[in-house]
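What follows is the content of run_22.cif, which has mmCIF, C-alpha atoms and all ligand atoms:
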data_data
#
loop_
_atom_site.label_atom_id
_atom_site.label_comp_id
_atom_site.auth_asym_id
_atom_site.auth_seq_id
_atom_site.Cartn_x
_atom_site.Cartn_y
_atom_site.Cartn_z
CA MET R 855 -11.77 -34.54 -2.21
CA ARG R 856 -8.63 -32.64 -3.21
CA LYS R 857 -7.77 -29.65 -1.07
CA ILE R 858 -7.10 -26.55 -3.17
CA GLN R 859 -4.50 -24.17 -1.79
CA MET R 860 -5.85 -20.62 -1.80
CA VAL R 861 -2.33 -19.20 -2.16
CA ASP R 862 0.32 -21.78 -2.99
CA LEU R 863 3.52 -20.14 -1.74
CA LYS R 864 5.45 -23.38 -1.81
CA SER R 865 5.16 -24.10 -5.53
CA GLN R 866 5.61 -20.39 -6.29
CA TYR R 867 8.91 -20.48 -4.37
CA GLU R 868 10.08 -23.63 -6.18
CA LYS R 869 9.88 -21.73 -9.50
CA ILE R 870 11.92 -18.72 -8.36
CA LYS R 871 14.13 -20.47 -5.82
CA ASP R 872 17.49 -19.75 -7.51
CA THR R 873 16.86 -16.03 -7.98
CA VAL R 874 15.41 -15.55 -4.50
CA ASN R 875 18.18 -17.54 -2.80
CA ALA R 876 20.90 -15.64 -4.65
CA SER R 877 19.28 -12.32 -3.77
CA ILE R 878 18.98 -13.23 -0.06
CA GLN R 879 22.56 -14.54 -0.09
CA GLU R 880 23.72 -11.13 -1.32
CA VAL R 881 22.22 -9.54 1.81
CA LEU R 882 23.91 -12.12 4.05
CA ASP R 883 27.26 -11.71 2.30
CA THR R 884 27.20 -7.93 2.55
CA THR R 885 25.52 -7.73 6.02
CA THR R 886 23.43 -4.80 4.77
CA TYR R 887 20.38 -5.89 6.76
CA ILE R 888 18.73 -2.50 7.25
CA ASN R 889 18.31 0.16 4.53
CA GLY R 890 20.74 -1.72 2.31
CA PRO R 891 21.16 -1.20 -1.43
CA LEU R 892 18.50 -3.84 -2.19
CA VAL R 893 15.87 -1.77 -0.37
CA HIS R 894 16.80 1.24 -2.49
CA GLU R 895 16.76 -0.91 -5.62
CA PHE R 896 13.29 -2.21 -4.75
CA GLN R 897 12.05 1.32 -4.16
CA LYS R 898 13.24 2.35 -7.65
CA ASN R 899 11.82 -0.81 -9.28
CA MET R 900 8.46 -0.19 -7.65
CA GLU R 901 8.40 3.50 -8.65
CA THR R 902 8.99 2.49 -12.27
CA TYR R 903 6.42 -0.31 -12.19
CA LEU R 904 3.65 1.85 -10.69
CA GLY R 905 4.53 5.05 -12.51
CA VAL R 906 4.60 6.89 -9.19
CA LYS R 907 7.17 9.47 -8.11
CA HIS R 908 7.88 8.23 -4.60
CA VAL R 909 7.79 4.80 -2.99
CA ILE R 910 8.61 4.69 0.71
CA PRO R 911 9.07 1.11 1.92
CA CYS R 912 7.98 0.33 5.50
CA ALA R 913 7.40 -2.58 7.86
CA ASN R 914 3.86 -3.67 6.94
CA GLY R 915 0.61 -2.55 5.32
CA THR R 916 -0.97 -1.43 8.59
CA ASP R 917 1.97 0.87 9.34
CA ALA R 918 1.78 2.15 5.75
CA LEU R 919 -1.80 3.33 6.30
CA GLN R 920 -1.00 4.86 9.68
CA ILE R 921 2.10 6.66 8.38
CA ALA R 922 0.19 7.98 5.35
CA MET R 923 -2.37 9.51 7.73
CA MET R 924 0.36 10.91 10.00
CA GLY R 925 2.13 12.37 6.97
CA LEU R 926 -1.02 14.19 5.90
CA GLY R 927 -1.16 15.75 9.36
CA LEU R 928 -4.63 14.44 10.19
CA LYS R 929 -5.63 15.49 13.73
CA PRO R 930 -7.77 13.87 16.46
CA GLY R 931 -11.43 14.46 15.69
CA ASP R 932 -10.92 14.65 11.91
CA GLU R 933 -13.42 12.41 10.16
CA VAL R 934 -12.14 9.77 7.76
CA ILE R 935 -14.63 8.05 5.50
CA THR R 936 -13.92 4.43 4.61
CA ALA R 937 -15.70 1.25 3.55
CA ASP R 938 -17.51 -0.90 6.12
CA PHE R 939 -16.31 -3.99 4.24
CA THR R 940 -12.52 -4.23 4.57
CA PHE R 941 -9.79 -5.82 6.67
CA ALA R 942 -9.77 -4.43 10.22
CA ALA R 943 -6.42 -2.62 9.77
CA THR R 944 -8.00 0.15 7.68
CA VAL R 945 -10.25 1.21 10.56
CA GLU R 946 -7.81 0.27 13.32
CA VAL R 947 -5.25 2.91 12.33
CA ILE R 948 -7.94 5.59 12.02
CA ALA R 949 -9.01 4.83 15.60
CA LEU R 950 -5.42 4.54 16.83
CA LEU R 951 -4.65 8.08 15.65
CA GLN R 952 -7.84 9.24 17.40
CA LEU R 953 -9.37 10.22 14.10
CA THR R 954 -13.07 9.46 13.70
CA PRO R 955 -13.84 6.54 11.39
CA VAL R 956 -17.00 7.07 9.36
CA LEU R 957 -17.95 3.70 7.90
CA VAL R 958 -20.07 3.73 4.78
CA ASP R 959 -21.56 0.94 2.72
CA VAL R 960 -20.11 -0.75 -0.35
CA ASP R 961 -21.69 -1.32 -3.76
CA LEU R 962 -22.86 -4.86 -4.24
CA ASP R 963 -21.54 -5.14 -7.80
CA ASN R 964 -17.87 -4.75 -6.83
CA MET R 965 -17.86 -4.74 -2.99
CA ASN R 966 -16.03 -1.38 -3.02
CA ILE R 967 -17.00 1.90 -1.34
CA SER R 968 -20.26 3.39 -2.60
CA ILE R 969 -20.00 6.84 -4.18
CA GLU R 970 -23.51 7.78 -3.07
CA ALA R 971 -22.72 6.70 0.49
CA ILE R 972 -19.54 8.84 0.53
CA LYS R 973 -21.49 11.91 -0.60
CA LYS R 974 -24.04 11.43 2.20
CA ALA R 975 -21.34 10.99 4.86
CA ILE R 976 -19.42 14.23 4.23
CA THR R 977 -19.56 16.79 7.06
CA PRO R 978 -17.50 19.94 7.77
CA LYS R 979 -15.15 17.67 9.83
CA THR R 980 -14.40 15.27 6.97
CA LYS R 981 -10.72 15.35 6.01
CA ALA R 982 -10.07 12.17 4.04
CA ILE R 983 -11.56 9.27 2.12
CA VAL R 984 -9.93 5.83 2.23
CA PRO R 985 -11.12 3.65 -0.66
CA VAL R 986 -10.05 0.01 -0.30
CA HIS R 987 -9.43 -1.87 -3.54
CA LEU R 988 -10.75 -5.17 -2.24
CA PHE R 989 -9.96 -8.57 -3.82
CA GLY R 990 -8.11 -6.86 -6.68
CA GLN R 991 -11.17 -4.87 -7.70
CA VAL R 992 -10.59 -1.15 -8.08
CA ALA R 993 -12.89 1.37 -6.40
CA ASN R 994 -14.46 4.07 -8.59
CA MET R 995 -11.41 6.35 -8.34
CA GLU R 996 -12.52 8.94 -10.87
CA ALA R 997 -15.70 9.72 -8.92
CA ILE R 998 -13.81 9.61 -5.60
CA MET R 999 -11.13 12.06 -6.81
CA GLU R 1000 -13.89 14.40 -8.06
CA ILE R 1001 -15.67 14.39 -4.68
CA ALA R 1002 -12.33 14.94 -2.93
CA LYS R 1003 -11.51 17.92 -5.12
CA GLU R 1004 -14.92 19.46 -4.61
CA HIS R 1005 -14.74 19.14 -0.80
CA ASN R 1006 -10.97 19.62 -0.42
CA LEU R 1007 -10.35 16.12 1.01
CA TYR R 1008 -7.37 13.78 0.86
CA VAL R 1009 -7.70 10.41 -0.80
CA ILE R 1010 -5.67 7.57 0.73
CA GLU R 1011 -5.86 4.38 -1.36
CA ASP R 1012 -5.64 1.16 0.67
CA ASN R 1013 -4.00 -0.88 -2.05
CA ALA R 1014 -3.08 -3.92 0.06
CA GLN R 1015 -5.16 -6.24 -2.12
CA ALA R 1016 -4.82 -4.79 -5.61
CA ILE R 1017 -1.21 -4.02 -6.40
CA GLY R 1018 -0.67 -4.30 -10.14
CA ALA R 1019 -4.30 -3.56 -11.03
CA ASN R 1020 -4.97 -0.91 -13.69
CA TYR R 1021 -7.67 1.72 -13.53
CA THR R 1022 -9.16 3.05 -16.75
CA PHE R 1023 -10.44 6.64 -16.70
CA ALA R 1024 -13.46 7.81 -18.72
CA ASP R 1025 -11.10 9.31 -21.35
CA GLY R 1026 -9.49 5.90 -21.88
CA SER R 1027 -6.23 6.72 -20.10
CA LYS R 1028 -4.93 4.18 -17.58
CA LYS R 1029 -3.05 4.33 -14.31
CA LYS R 1030 -1.90 1.74 -11.83
CA VAL R 1031 -3.92 1.69 -8.64
CA GLY R 1032 -1.95 3.32 -5.88
CA ALA R 1033 -0.80 6.08 -8.25
CA ILE R 1034 -4.14 7.92 -8.33
CA GLY R 1035 -4.93 9.19 -4.82
CA HIS R 1036 -2.86 11.73 -2.85
CA VAL R 1037 -1.14 8.86 -1.07
CA SER R 1038 -1.51 5.07 -1.05
CA SER R 1039 -0.51 2.12 1.05
CA THR R 1040 0.19 -1.50 0.31
CA SER R 1041 1.13 -4.69 2.13
CA PHE R 1042 3.69 -7.33 1.19
CA PHE R 1043 2.28 -9.90 3.63
CA PRO R 1044 3.21 -13.32 2.16
CA SER R 1045 -0.26 -14.14 0.80
CA LYS R 1046 -0.88 -10.75 -0.89
CA ASN R 1047 -0.49 -10.27 -4.65
CA LEU R 1048 3.14 -9.26 -4.15
CA GLY R 1049 4.22 -11.00 -0.97
CA CYS R 1050 7.60 -11.16 0.75
CA TYR R 1051 8.73 -13.83 3.23
CA GLY R 1052 7.77 -11.97 6.38
CA ASP R 1053 6.12 -8.60 6.93
CA GLY R 1054 6.54 -5.65 4.59
CA GLY R 1055 4.68 -2.65 3.23
CA ALA R 1056 5.05 0.58 1.32
CA ILE R 1057 3.59 4.04 0.89
CA PHE R 1058 3.25 5.68 -2.55
CA THR R 1059 2.80 9.33 -3.47
CA ASN R 1060 3.46 11.79 -6.28
CA ASP R 1061 3.71 14.68 -3.79
CA ASP R 1062 7.36 15.66 -3.09
CA ALA R 1063 6.66 17.46 0.19
CA LEU R 1064 4.51 14.63 1.52
CA ALA R 1065 7.13 12.05 0.50
CA HIS R 1066 9.77 14.01 2.42
CA GLN R 1067 7.51 14.21 5.48
CA ILE R 1068 6.82 10.45 5.33
CA ARG R 1069 10.50 9.50 4.90
CA GLY R 1070 11.15 11.17 8.24
CA ILE R 1071 8.12 9.65 9.97
CA VAL R 1072 9.14 6.06 9.10
CA ASN R 1073 12.51 6.77 10.71
CA HIS R 1074 11.69 8.22 14.17
CA GLY R 1075 10.80 11.66 12.79
CA MET R 1076 14.43 12.10 11.79
CA TYR R 1077 15.34 14.22 8.75
CA VAL R 1078 18.89 15.02 9.85
CA ARG R 1079 20.74 12.26 11.74
CA TYR R 1080 19.81 12.34 15.45
CA HIS R 1081 17.64 15.43 15.00
CA HIS R 1082 14.08 14.35 15.74
CA ASP R 1083 11.79 17.03 14.37
CA VAL R 1084 8.43 15.26 14.52
CA VAL R 1085 7.01 12.26 16.34
CA GLY R 1086 7.62 9.30 14.10
CA VAL R 1087 7.74 5.52 14.26
CA ASN R 1088 10.27 2.81 13.48
CA SER R 1089 8.92 1.18 10.34
CA ARG R 1090 11.43 -0.22 7.87
CA LEU R 1091 11.47 -2.88 5.19
CA ASP R 1092 14.24 -5.40 5.92
CA SER R 1093 16.83 -5.88 3.17
CA ILE R 1094 16.06 -9.62 3.10
CA GLN R 1095 12.41 -8.82 2.32
CA ALA R 1096 13.51 -6.34 -0.35
CA ALA R 1097 15.65 -9.13 -1.84
CA VAL R 1098 12.57 -11.36 -2.14
CA LEU R 1099 10.46 -8.52 -3.55
CA ASN R 1100 13.07 -7.64 -6.19
CA ALA R 1101 12.95 -11.24 -7.36
CA LYS R 1102 9.12 -11.34 -7.40
CA LEU R 1103 8.17 -7.92 -8.78
CA PRO R 1104 8.96 -8.85 -12.42
CA LYS R 1105 6.47 -11.73 -12.01
CA LEU R 1106 3.66 -9.70 -10.43
CA ASP R 1107 1.58 -9.35 -13.61
CA GLN R 1108 1.90 -13.07 -14.19
CA TYR R 1109 0.85 -13.83 -10.60
CA ASN R 1110 -2.17 -11.56 -10.93
CA SER R 1111 -3.33 -13.17 -14.16
CA ALA R 1112 -2.88 -16.63 -12.62
CA ARG R 1113 -5.18 -15.50 -9.78
CA ARG R 1114 -7.76 -14.32 -12.32
CA ASP R 1115 -7.56 -17.64 -14.18
CA ALA R 1116 -7.98 -19.60 -10.96
CA ALA R 1117 -10.94 -17.45 -9.95
CA SER R 1118 -12.74 -17.91 -13.26
C1 LIG T 1201 -3.56 -7.02 4.52
C2 LIG T 1201 -4.32 -5.75 4.58
C3 LIG T 1201 -3.87 -4.66 5.35
C4 LIG T 1201 -2.74 -4.74 6.34
O1 LIG T 1201 -1.54 -5.21 5.88
P1 LIG T 1201 -0.45 -5.89 6.89
O2 LIG T 1201 0.79 -5.94 6.07
O3 LIG T 1201 -0.98 -7.24 7.25
O4 LIG T 1201 -0.32 -4.99 8.07
C5 LIG T 1201 -4.57 -3.46 5.25
N1 LIG T 1201 -5.65 -3.34 4.47
C6 LIG T 1201 -6.13 -4.38 3.73
C7 LIG T 1201 -7.32 -4.17 2.87
C8 LIG T 1201 -5.49 -5.62 3.77
O5 LIG T 1201 -5.97 -6.64 3.04
#

What is this structure when it is put down as C-alpha cells?
Amino acid sequence: MRKIQMVDLKSQYEKIKDTVNASIQEVLDTTTYINGPLVHEFQKNMETYLGVKHVIPCANGTDALQIAMMGLGLKPGDEVITADFTFAATVEVIALLQLTPVLVDVDLDNMNISIEAIKKAITPKTKAIVPVHLFGQVANMEAIMEIAKEHNLYVIEDNAQAIGANYTFADGSKKKVGAIGHVSSTSFFPSKNLGCYGDGGAIFTNDDALAHQIRGIVNHGMYVRYHHDVVGVNSRLDSIQAAVLNAKLPKLDQYNSARRDAAS
C-alpha cells in the first residue's frame, strides 16, 4: 500500500527552491533578522492579497489570537463564544487571559459554529464571538456579523485553516476570510495553507485604532522606543520566515486548489 503524504512539504519546496533560497540568502547577506524589509514587504503583500487595511505579523497563530483579544481590551470574566470543535489553541488563549470560554456546538453540514447555538449562548457578559473557519470551510459570517451588531459584540475570526478562502455574501459580493470580522488571526505553521519553515502568524484588521494598539502589544507594549505604555508580549515574525512567505504567497491560490483536488 502506498503511503499518501497529507501535506507534502518536500516536493512543494523542490518546486520553489530557487526563489526561496534566494530570498533567505538576502536575509543572511543583509543580517536583517528581525523586523527587516522582507517582513514589511510581506505585510504589504498580505494586505493587498486579503484586501485588508492592516496586517500585523507575529510569532505564531496562537499568539495572534491572544494578541487580538488583548488588543480588543477583553477583561477577565468576559464571555467569549467559540466552537467546541476546533484546535485547542482557540480555547487555550481565552482561558489564559482569564476570559470565560463558552463552547457551543457546530453545524454538521460544515463543522463550523452553529448560528442557533450562538444565539442561545449570549448573556449580558458576552463580549466576543470567535468563529473558526475549519478545514478551509468558512463559517456563516453574514449571520455572525448580524448577531454581533445586534448585541454589540466583537467578532474575531480564527483563520488559521482557511487563508485564501472567499466568502460570498447574500448580495453576491465577495471578501477574503479574515477581512470580515473586527479582527482575525492566522497561522503560518508549516503544514497550514500558507506555511513558513518554522513558526509564524499574523493578525488582520480594518480598524486603524485597533491596528495601532496591536502593533504596540506585539512589541512589549511599546509605541515609542523604550516607553512601555501597556503590558504586551514579544511576538515577531522572523525575517527568514517572511522570506519564505513572500516566495509562497503568490502560489497560495494554487496550493488551495491542489488541496481541493486531492480532497475530491
Ligand atoms: C494551527 C491552529 C492554531 C494555532 O496556530 P499555531 O501557529 O500553531 O500557534 C489556532 N487555531 C486553529 C484553528 C489552528 O488550526

Sorted by chain and rising residue number, which residues of stretch 930-983 of chain R lie within 12 Å of stretch 1023-1042 of chain R, and what are their closest atom pairs and distances in Å to one decimal, counting all atoms listed in the file, as JSON lines?
{"residue": "R:Phe941", "atom": "CA", "partner": "R:Ser1041", "partner_atom": "CA", "distance": 11.9}
{"residue": "R:Ala943", "atom": "CA", "partner": "R:Ser1041", "partner_atom": "CA", "distance": 10.9}
{"residue": "R:Thr944", "atom": "CA", "partner": "R:Ser1039", "partner_atom": "CA", "distance": 10.2}
{"residue": "R:Ala982", "atom": "CA", "partner": "R:His1036", "partner_atom": "CA", "distance": 10.0}
{"residue": "R:Ile983", "atom": "CA", "partner": "R:Gly1035", "partner_atom": "CA", "distance": 9.6}

Residue with smallest distance to ligand LIG 1201 (chain T) - pool R:Ala1063, R:Leu1007, R:Ile878, R:Leu1091, counting all atoms listed in the file: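 Nearest candidate to ligand LIG 1201 (chain T) out of R:Ala1063, R:Leu1007, R:Ile878, R:Leu1091: R:Leu1091.
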
Counting all atoms listed in the file, name the residues that have an atom within 7 Å of an atom of ligand LIG 1201 (chain T); the answer should be given as a ChimeraX atom specification. /R:914-917,940-941,943-944,986,988,1012-1015,1040-1043,1053-1055

Nearest candidate to R:Pro955 (options R:Ser968, R:Gln897, R:Thr902, R:Thr936; using all atoms listed in the file):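 Result for the nearest residue to R:Pro955: R:Thr936.
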
Under the rule that only C-alpha atoms are counted, which of R:Met965, R:Pro930, R:Lys1105, R:Glu970 is the nearest residue to R:Leu953? R:Pro930
